[in-house]
file my_file33.txt (compact mmCIF, C-alpha atoms and all ligand atoms)
# COMPACT_ATOMS: atom_id res chain seq x y z
CA MET A 113 81.97 143.15 98.44
CA GLN A 114 79.08 145.59 97.81
CA ASN A 115 76.52 144.15 100.20
CA PHE A 116 79.14 142.97 102.66
CA ASP A 117 78.90 144.16 106.26
CA PRO A 118 82.43 144.13 107.77
CA ASN A 119 81.02 144.70 111.26
CA ALA A 120 78.78 141.63 111.29
CA ALA A 121 79.70 138.09 112.37
CA ALA A 122 81.10 135.83 109.63
CA LEU A 123 78.50 133.89 107.66
CA PRO A 124 78.75 130.07 107.65
CA ASN A 125 79.83 129.72 104.02
CA SER A 126 82.08 132.76 103.91
CA GLY A 127 85.71 132.57 102.88
CA VAL A 128 88.86 133.32 104.84
CA TYR A 129 88.33 136.17 107.37
CA GLY A 130 84.60 135.78 106.71
CA LEU A 131 84.96 137.57 103.39
CA PRO A 132 82.81 137.14 100.29
CA SER A 133 85.92 137.66 98.08
CA GLN A 134 86.27 135.51 94.99
CA PHE A 135 89.50 134.72 93.19
CA GLU A 136 88.97 137.25 90.40
CA ASP A 137 88.38 140.25 92.64
CA SER A 138 91.13 139.42 95.14
CA ARG A 139 94.51 141.11 95.18
CA VAL A 140 95.81 138.64 97.78
CA ILE A 141 95.81 134.91 97.05
CA LEU A 142 96.67 132.48 99.83
CA MET A 143 97.73 128.93 99.08
CA PRO A 144 97.30 126.26 101.75
CA VAL A 145 100.12 123.69 101.71
CA PRO A 146 99.19 120.99 104.24
CA TYR A 147 102.49 119.12 103.97
CA GLU A 148 104.70 118.03 106.86
CA ALA A 149 106.47 114.86 105.73
CA THR A 150 109.81 115.70 107.31
CA THR A 151 108.48 116.91 110.64
CA SER A 152 110.83 115.33 113.12
CA TYR A 153 109.23 116.16 116.47
CA GLY A 154 105.61 117.21 117.11
CA GLY A 155 103.29 116.99 114.08
CA GLY A 156 100.06 118.68 113.18
CA THR A 157 101.10 121.54 110.91
CA ALA A 158 99.28 119.87 108.00
CA ASN A 159 96.12 120.90 109.86
CA GLY A 160 97.38 124.47 110.05
CA PRO A 161 95.61 125.92 106.99
CA ALA A 162 92.17 124.55 107.96
CA ALA A 163 92.58 125.75 111.55
CA ILE A 164 93.70 129.21 110.42
CA LEU A 165 90.71 129.39 108.07
CA ALA A 166 88.34 128.59 110.95
CA ALA A 167 90.05 131.03 113.34
CA SER A 168 90.24 133.78 110.72
CA LYS A 169 86.47 134.26 110.92
CA GLN A 170 86.85 135.66 114.43
CA VAL A 171 89.34 138.34 113.38
CA ASP A 172 87.95 141.87 113.28
CA LEU A 173 88.51 143.29 109.82
CA TYR A 174 89.19 146.88 110.79
CA ASP A 175 92.79 147.35 111.90
CA TYR A 176 93.97 150.19 114.12
CA VAL A 177 96.98 150.92 111.90
CA LEU A 178 96.21 149.29 108.58
CA GLY A 179 92.61 150.35 108.13
CA ARG A 180 90.72 148.00 105.82
CA PRO A 181 93.11 145.55 104.14
CA TYR A 182 90.15 143.24 103.39
CA LYS A 183 88.85 145.72 100.83
CA PHE A 184 91.55 144.56 98.40
CA GLY A 185 90.12 141.05 98.50
CA ILE A 186 91.73 138.05 100.20
CA TYR A 187 91.10 134.61 98.76
CA LEU A 188 92.22 131.24 100.11
CA LEU A 189 92.69 128.62 97.39
CA PRO A 190 91.22 125.16 98.06
CA GLU A 191 93.67 122.52 99.29
CA ASP A 192 95.38 120.74 96.40
CA GLU A 193 94.47 117.04 96.55
CA ARG A 194 97.92 116.07 95.20
CA ILE A 195 99.62 117.79 98.15
CA CYS A 196 97.35 116.00 100.65
CA GLN A 197 98.21 112.71 98.97
CA HIS A 198 101.96 113.40 99.05
CA ASN A 199 101.68 114.34 102.69
CA HIS A 200 99.87 111.12 103.52
CA THR A 201 102.30 108.76 101.79
CA ALA A 202 105.56 110.62 102.44
CA LYS A 203 104.82 111.13 106.14
CA ALA A 204 104.46 107.40 106.74
CA LEU A 205 107.67 106.63 104.84
CA ALA A 206 109.58 109.41 106.58
CA GLN A 207 108.62 108.17 110.03
CA GLU A 208 110.82 105.09 109.67
CA VAL A 209 113.73 107.14 108.40
CA ILE A 210 113.38 109.54 111.34
CA GLU A 211 113.32 106.63 113.80
CA GLN A 212 116.74 105.57 112.45
CA GLY A 213 118.05 109.14 112.71
CA GLY A 214 118.30 109.32 108.93
CA ASN A 215 121.03 106.66 108.86
CA THR A 216 120.46 104.61 105.70
CA THR A 217 123.93 103.04 105.60
CA ASP A 218 123.68 99.32 104.76
CA ASN A 219 119.91 99.60 104.59
CA SER A 220 118.75 99.77 100.98
CA GLY A 221 115.06 99.47 101.97
CA LEU A 222 115.32 102.56 104.13
CA LEU A 223 117.29 104.41 101.47
CA LEU A 224 114.48 103.70 99.01
CA LYS A 225 111.95 105.20 101.41
CA LEU A 226 114.16 108.24 101.94
CA ASN A 227 114.38 108.76 98.20
CA GLN A 228 110.60 108.51 97.87
CA VAL A 229 110.14 111.17 100.54
CA ASN A 230 112.63 113.43 98.77
CA GLU A 231 110.74 112.88 95.54
CA SER A 232 107.39 113.77 97.14
CA SER A 233 108.86 116.94 98.62
CA ALA A 234 110.32 117.92 95.25
CA LEU A 235 106.90 117.44 93.64
CA VAL A 236 105.22 119.57 96.30
CA ASN A 237 107.85 122.27 95.67
CA GLU A 238 106.98 122.13 92.00
CA ILE A 239 103.23 122.49 92.65
CA VAL A 240 103.80 125.50 94.93
CA TYR A 241 106.30 127.02 92.50
CA ASN A 242 103.90 126.73 89.55
CA GLN A 243 101.03 128.20 91.54
CA ALA A 244 103.18 131.11 92.75
CA LYS A 245 104.48 131.79 89.26
CA THR A 246 100.96 131.83 87.81
CA MET A 247 99.73 134.18 90.53
CA LEU A 248 102.66 136.58 90.12
CA ALA A 249 102.03 136.67 86.38
CA GLN A 250 98.46 137.79 87.20
CA HIS A 251 99.84 140.53 89.50
CA LYS A 252 98.40 138.91 92.59
CA ILE A 253 100.08 139.08 95.99
CA PHE A 254 100.87 135.48 96.83
CA GLY A 255 101.16 133.99 100.31
CA VAL A 256 101.67 130.41 101.45
CA ILE A 257 100.19 128.83 104.57
CA GLY A 258 102.02 125.73 105.83
CA GLY A 259 102.50 123.00 106.57
CA ASP A 260 106.03 122.75 107.85
CA HIS A 261 108.66 125.26 106.82
CA SER A 262 109.86 123.19 103.86
CA VAL A 263 106.76 124.26 101.88
CA SER A 264 108.15 127.77 101.35
CA PHE A 265 110.76 126.78 98.76
CA GLY A 266 108.64 126.90 95.61
CA SER A 267 107.20 130.25 96.63
CA ILE A 268 110.62 131.77 97.43
CA MET A 269 111.94 130.45 94.12
CA ALA A 270 109.10 131.99 92.08
CA HIS A 271 109.46 135.34 93.87
CA ALA A 272 113.23 135.34 93.40
CA GLU A 273 112.73 134.85 89.67
CA ALA A 274 110.27 137.74 89.52
CA TYR A 275 112.44 140.01 91.70
CA PRO A 276 116.13 139.54 90.89
CA CYS A 277 117.65 141.26 93.97
CA LEU A 278 115.45 139.69 96.60
CA GLY A 279 116.09 139.59 100.34
CA ILE A 280 114.35 137.36 102.87
CA LEU A 281 113.30 138.48 106.30
CA HIS A 282 113.25 135.15 108.13
CA LEU A 283 111.54 134.97 111.52
CA ASP A 284 112.13 131.68 113.28
CA ALA A 285 113.51 129.98 116.40
CA HIS A 286 115.80 127.96 114.10
CA CYS A 287 118.29 128.92 111.39
CA ASP A 288 117.01 126.18 109.06
CA LEU A 289 120.50 125.97 107.57
CA ARG A 290 121.03 122.24 107.95
CA PRO A 291 122.13 120.40 104.83
CA ALA A 292 119.63 117.56 104.34
CA TYR A 293 118.52 117.13 107.96
CA GLU A 294 117.94 113.44 108.85
CA GLY A 295 118.73 112.68 105.21
CA PHE A 296 115.83 114.72 103.84
CA THR A 297 116.98 117.07 101.10
CA TRP A 298 113.83 119.16 101.56
CA SER A 299 113.64 119.09 105.34
CA HIS A 300 111.86 121.87 107.24
CA ALA A 301 115.25 122.37 108.94
CA SER A 302 116.96 122.97 105.57
CA ILE A 303 114.70 125.56 103.98
CA MET A 304 117.13 128.50 104.21
CA TYR A 305 120.10 126.29 103.33
CA ASN A 306 118.28 125.29 100.14
CA ALA A 307 117.21 128.85 99.40
CA ILE A 308 120.69 130.33 99.73
CA ASN A 309 122.41 127.46 97.89
CA ARG A 310 119.97 126.94 95.05
CA ILE A 311 118.83 130.50 94.34
CA SER A 312 121.97 132.35 93.33
CA SER A 313 120.19 135.68 92.83
CA LEU A 314 119.01 135.70 96.43
CA GLU A 315 120.88 138.64 97.85
CA LYS A 316 120.41 138.35 101.57
CA ILE A 317 118.71 136.49 104.38
CA VAL A 318 118.17 138.39 107.62
CA GLN A 319 117.20 136.02 110.44
CA VAL A 320 115.53 137.18 113.65
CA GLY A 321 114.53 135.29 116.79
CA ILE A 322 117.03 132.45 116.28
CA ARG A 323 117.77 130.50 119.45
CA ASP A 324 118.21 126.84 118.50
CA PHE A 325 120.96 125.89 116.05
CA SER A 326 123.89 123.56 115.50
CA GLU A 327 127.54 124.59 115.52
CA GLN A 328 127.65 123.68 111.83
CA GLU A 329 124.85 126.16 111.12
CA PHE A 330 126.63 128.83 113.17
CA THR A 331 129.79 128.31 111.08
CA PHE A 332 127.75 128.37 107.89
CA ILE A 333 126.47 131.86 108.80
CA THR A 334 129.96 133.07 109.70
CA GLU A 335 131.29 131.85 106.36
CA SER A 336 128.38 133.20 104.27
CA GLN A 337 130.28 136.45 103.60
CA GLY A 338 127.39 138.54 104.81
CA ARG A 339 124.75 136.82 102.70
CA ILE A 340 123.15 135.58 105.90
CA VAL A 341 122.83 138.04 108.78
CA THR A 342 121.49 136.49 111.96
CA TYR A 343 120.08 138.33 114.95
CA PHE A 344 120.22 135.70 117.66
CA ASP A 345 117.43 135.93 120.22
CA GLU A 346 119.90 135.94 123.08
CA ALA A 347 121.99 138.77 121.66
CA LEU A 348 118.86 140.85 121.07
CA ALA A 349 117.65 140.18 124.62
CA ILE A 350 120.96 141.30 126.12
CA ARG A 351 120.97 144.48 124.07
CA ARG A 352 117.44 145.24 125.23
CA PHE A 353 118.28 144.50 128.87
CA ASN A 354 121.10 147.03 128.45
CA GLY A 355 118.57 149.64 127.49
CA GLN A 356 118.53 149.66 123.69
CA GLY A 357 115.09 150.28 122.24
CA TRP A 358 113.33 147.71 120.07
CA ILE A 359 112.63 150.16 117.25
CA GLN A 360 116.31 151.12 117.12
CA LEU A 361 117.22 147.41 116.89
CA CYS A 362 114.60 146.86 114.18
CA LYS A 363 116.06 149.69 112.10
CA GLU A 364 119.47 148.08 112.32
CA MET A 365 118.08 144.68 111.22
CA ILE A 366 116.14 146.14 108.31
CA GLU A 367 119.16 148.10 107.05
CA HIS A 368 120.69 144.84 105.81
CA LEU A 369 117.80 144.11 103.47
CA PRO A 370 117.46 145.14 99.82
CA GLN A 371 114.47 147.05 98.45
CA GLN A 372 112.32 143.99 97.84
CA VAL A 373 111.69 141.61 100.67
CA TYR A 374 110.04 138.22 101.01
CA LEU A 375 108.75 137.54 104.51
CA SER A 376 109.21 133.95 105.67
CA PHE A 377 107.59 133.42 109.03
CA ASP A 378 107.93 130.24 111.04
CA ILE A 379 105.46 130.71 113.88
CA ASP A 380 107.97 129.23 116.36
CA GLY A 381 109.93 132.48 116.06
CA LEU A 382 107.29 133.78 118.49
CA ASP A 383 107.35 133.09 122.20
CA PRO A 384 106.00 129.51 122.51
CA ARG A 385 103.19 130.80 124.72
CA LEU A 386 101.79 132.11 121.42
CA CYS A 387 102.24 128.81 119.57
CA PRO A 388 102.23 126.03 122.18
CA HIS A 389 101.51 123.19 119.70
CA THR A 390 104.04 124.05 117.02
CA GLY A 391 106.40 121.20 116.07
CA THR A 392 109.60 122.42 117.71
CA PRO A 393 108.86 125.05 120.38
CA VAL A 394 111.82 126.78 122.05
CA PRO A 395 111.65 129.13 125.06
CA GLY A 396 112.44 132.79 124.49
CA GLY A 397 111.39 134.35 121.21
CA LEU A 398 109.50 137.34 119.94
CA SER A 399 106.31 138.89 121.24
CA PHE A 400 103.42 139.64 118.89
CA ARG A 401 103.99 143.38 119.27
CA GLU A 402 107.72 143.11 118.62
CA VAL A 403 107.04 141.29 115.37
CA VAL A 404 104.45 143.83 114.25
CA ALA A 405 106.87 146.65 115.12
CA LEU A 406 109.62 144.98 113.09
CA ILE A 407 107.35 144.67 110.05
CA THR A 408 106.20 148.27 110.54
CA VAL A 409 109.81 149.49 110.54
CA LEU A 410 110.44 147.45 107.41
CA VAL A 411 107.53 149.08 105.59
CA GLU A 412 108.27 152.57 106.95
CA SER A 413 111.79 152.27 105.51
CA GLY A 414 110.18 152.28 102.06
CA ARG A 415 110.99 148.64 101.36
CA GLN A 416 108.40 146.48 99.67
CA ILE A 417 107.12 143.16 100.94
CA ILE A 418 106.50 141.25 97.71
CA GLY A 419 105.38 137.89 99.10
CA PHE A 420 105.24 135.85 102.28
CA ASP A 421 104.66 132.56 103.99
CA LEU A 422 103.43 131.57 107.41
CA THR A 423 104.41 128.05 108.43
CA GLU A 424 104.45 125.61 111.36
CA VAL A 425 101.12 126.69 112.86
CA ALA A 426 99.77 123.52 114.48
CA PRO A 427 96.38 123.44 116.19
CA HIS A 428 95.74 121.60 119.44
CA PRO A 429 95.82 117.86 118.54
CA ASN A 430 92.36 117.22 120.03
CA GLY A 431 90.90 120.53 118.97
CA GLU A 432 90.49 121.52 122.63
CA ASP A 433 91.46 125.11 121.99
CA GLU A 434 92.09 127.25 118.96
CA TRP A 435 94.82 129.43 120.43
CA ASP A 436 97.63 128.56 117.95
CA ALA A 437 95.37 129.17 114.96
CA ASN A 438 93.92 132.30 116.54
CA VAL A 439 97.41 133.82 116.84
CA GLY A 440 98.28 132.54 113.35
CA ALA A 441 95.19 134.08 111.73
CA ARG A 442 95.84 137.45 113.38
CA LEU A 443 99.50 137.40 112.45
CA LEU A 444 98.57 136.50 108.88
CA TYR A 445 96.12 139.40 108.68
CA LYS A 446 98.88 141.77 109.79
CA MET A 447 101.28 140.27 107.22
CA ILE A 448 98.68 140.71 104.48
CA GLY A 449 97.93 144.28 105.54
CA TYR A 450 101.57 145.35 105.72
CA THR A 451 102.34 143.70 102.38
CA LEU A 452 99.50 145.69 100.78
CA LEU A 453 100.58 148.88 102.55
CA SER A 454 104.19 148.43 101.37
CA GLN A 455 102.84 148.27 97.82
CA GLY A 456 100.89 151.49 98.27
CA ALA A 457 97.54 149.77 98.83
CA LYS A 458 95.70 151.22 101.82
CA ALA A 459 91.96 151.62 102.26
MN MN A 501 111.70 127.15 110.29
call {"tool": "encode", "arguments": {"input": "my_file33.txt", "output": "structure tokens", "more": "lines below"}}
Ligand SMILES: [Mn+2]
result
Amino acid sequence: MQNFDPNAAALPNSGVYGLPSQFEDSRVILMPVPYEATTSYGGGTANGPAAILAASKQVDLYDYVLGRPYKFGIYLLPEDERICQHNHTAKALAQEVIEQGGNTTDNSGLLLKLNQVNESSALVNEIVYNQAKTMLAQHKIFGVIGGDHSVSFGSIMAHAEAYPCLGILHLDAHCDLRPAYEGFTWSHASIMYNAINRISSLEKIVQVGIRDFSEQEFTFITESQGRIVTYFDEALAIRRFNGQGWIQLCKEMIEHLPQQVYLSFDIDGLDPRLCPHTGTPVPGGLSFREVVALITVLVESGRQIIGFDLTEVAPHPNGEDEWDANVGARLLYKMIGYTLLSQGAKA
């Protein structure tokens, strides 16, 4: 970092955000997980990490509030060839299952394919889990870049093991509380269902921006005995239209969370104008500033962000514009900066 000029344009062979950081001198390690086997609607999130890497080089490193987060070193791991392979094979198999709406009754061939997809997803979870565990053991801050939202599981699991009373701040248009959506155990639409059911130490999930969900998911929240607290987009909008301030609402949301928080961010929690090519866009949603304010309130409360993921960023299919990745890269930089700040690291 010694001869690095943060005010200059990124050099061609520079790393994420145009930085010269290497693994050893980086506090923040990002893992790309280009996996989207169970994507049921629009695809393309497997190209998310590469697009975010490209867009990150346009992000100015000095931040009005956060100062110089880059000084702590940010390193993006290379894509794991095994994950790319799983994505390739499982995506093709999953397509047929999705076409049949996940109905494998009286169709043993289809059931076999479904099982293979589930197996691939489980193996990807294991790869992410092992990577996260190794990074946490080395006292790195670990973040995942999806891929679809299913890729977060291994990371959440590793963080929950390291921090026994963990809460998740989950920003999303969807609850992701479907049990095995379309038959896929590890569906992007089941990530929070799997987290809450399989990680018993997980204390709380606070969901914000939710505006697309099934009645079954709604009931699941109601019956979660307060383990899942959901701030529906519509309810938040009505409260704001009635004059309540956003910061006041943020403070109320954050109050539900324990001291240590994992931030799980599905980009479609934002207004779809900020992520037009994401797999399942839904009108409404959060503005960039609202999200940053929410994370600010979280950190100002003295809570610690101990890990994060950013998923479902999908670039334009023909590469005609880089808007989705541009927003994603800037959001990611904020997430990195606030995570560092919450751990007392500011430069
Ligand atoms: Mn999601």
call {"tool": "residues_around", "arguments": {"input": "my_file33.txt", "residues": "Phe420 (chain A)", "least_positions_apart": "3", "cutoff": "10 Å", "atoms": "only C-alpha atoms", "output": "count of residues only"}}
result
24
call {"tool": "residues_around", "arguments": {"input": "my_file33.txt", "residues": "region 318-323 of chain A", "least_positions_apart": "5", "cutoff": "9 Å", "atoms": "only C-alpha atoms", "output": "PyMOL selection string"}}
result
chain A and resi 279-287+339-346+348+365-366+368-369+380-382+394-398
call {"tool": "residues_around", "arguments": {"input": "my_file33.txt", "residues": "region 196-200 of chain A", "least_positions_apart": "3", "cutoff": "8 Å", "atoms": "all atoms listed in the file", "output": "list of chain:residue names"}}
result
A:Pro146, A:Tyr147, A:Glu148, A:Ala149, A:Glu191, A:Asp192, A:Glu193, A:Lys203, A:Ala204, A:Ser232, A:Ser233, A:Val236
call {"tool": "axis_aligned_box", "arguments": {"input": "my_file33.txt", "around": "region 239-244 of chain A", "padding_each_side": "6 Å", "output": "JSON"}}
result
{"center_x": 103.7, "center_y": 126.8, "center_z": 92.2, "size_x": 17.3, "size_y": 20.6, "size_z": 17.4}
call {"tool": "atom_distance", "arguments": {"input": "my_file33.txt", "atom1": "CA of Ala457 (chain A)", "atom2": "CA of Gly258 (chain A)"}}
result
25.4 Å
call {"tool": "closest_residue", "arguments": {"input": "my_file33.txt", "among": "A:Gly185, A:Gly155, A:Gly160, A:Gly456", "to": "Ser133 (chain A)", "atoms": "only C-alpha atoms"}}
result
A:Gly185
call {"tool": "residues_around", "arguments": {"input": "my_file33.txt", "residues": "Asp436 (chain A)", "least_positions_apart": "5", "cutoff": "10 Å", "atoms": "only C-alpha atoms", "output": "mmCIF file with C-alpha atoms, keeping the file's coordinate frame"}}
result
data_model
loop_
_atom_site.group_PDB
_atom_site.id
_atom_site.type_symbol
_atom_site.label_atom_id
_atom_site.label_comp_id
_atom_site.auth_asym_id
_atom_site.auth_seq_id
_atom_site.Cartn_x
_atom_site.Cartn_y
_atom_site.Cartn_z
ATOM 1 C CA GLY A 160 97.380 124.470 110.050
ATOM 2 C CA ALA A 163 92.580 125.750 111.550
ATOM 3 C CA ILE A 164 93.700 129.210 110.420
ATOM 4 C CA ALA A 167 90.050 131.030 113.340
ATOM 5 C CA ILE A 379 105.460 130.710 113.880
ATOM 6 C CA PRO A 384 106.000 129.510 122.510
ATOM 7 C CA ARG A 385 103.190 130.800 124.720
ATOM 8 C CA LEU A 386 101.790 132.110 121.420
ATOM 9 C CA CYS A 387 102.240 128.810 119.570
ATOM 10 C CA PRO A 388 102.230 126.030 122.180
ATOM 11 C CA HIS A 389 101.510 123.190 119.700
ATOM 12 C CA THR A 390 104.040 124.050 117.020
ATOM 13 C CA GLU A 424 104.450 125.610 111.360
ATOM 14 C CA VAL A 425 101.120 126.690 112.860
ATOM 15 C CA ALA A 426 99.770 123.520 114.480
ATOM 16 C CA PRO A 427 96.380 123.440 116.190
ATOM 17 C CA HIS A 428 95.740 121.600 119.440
ATOM 18 C CA ALA A 441 95.190 134.080 111.730
#
call {"tool": "atom_distance", "arguments": {"input": "my_file33.txt", "atom1": "CA of Gly440 (chain A)", "atom2": "CA of Leu131 (chain A)"}}
result
17.4 Å
call {"tool": "atom_distance", "arguments": {"input": "my_file33.txt", "atom1": "CA of Ser302 (chain A)", "atom2": "CA of Asp378 (chain A)"}}
result
12.8 Å
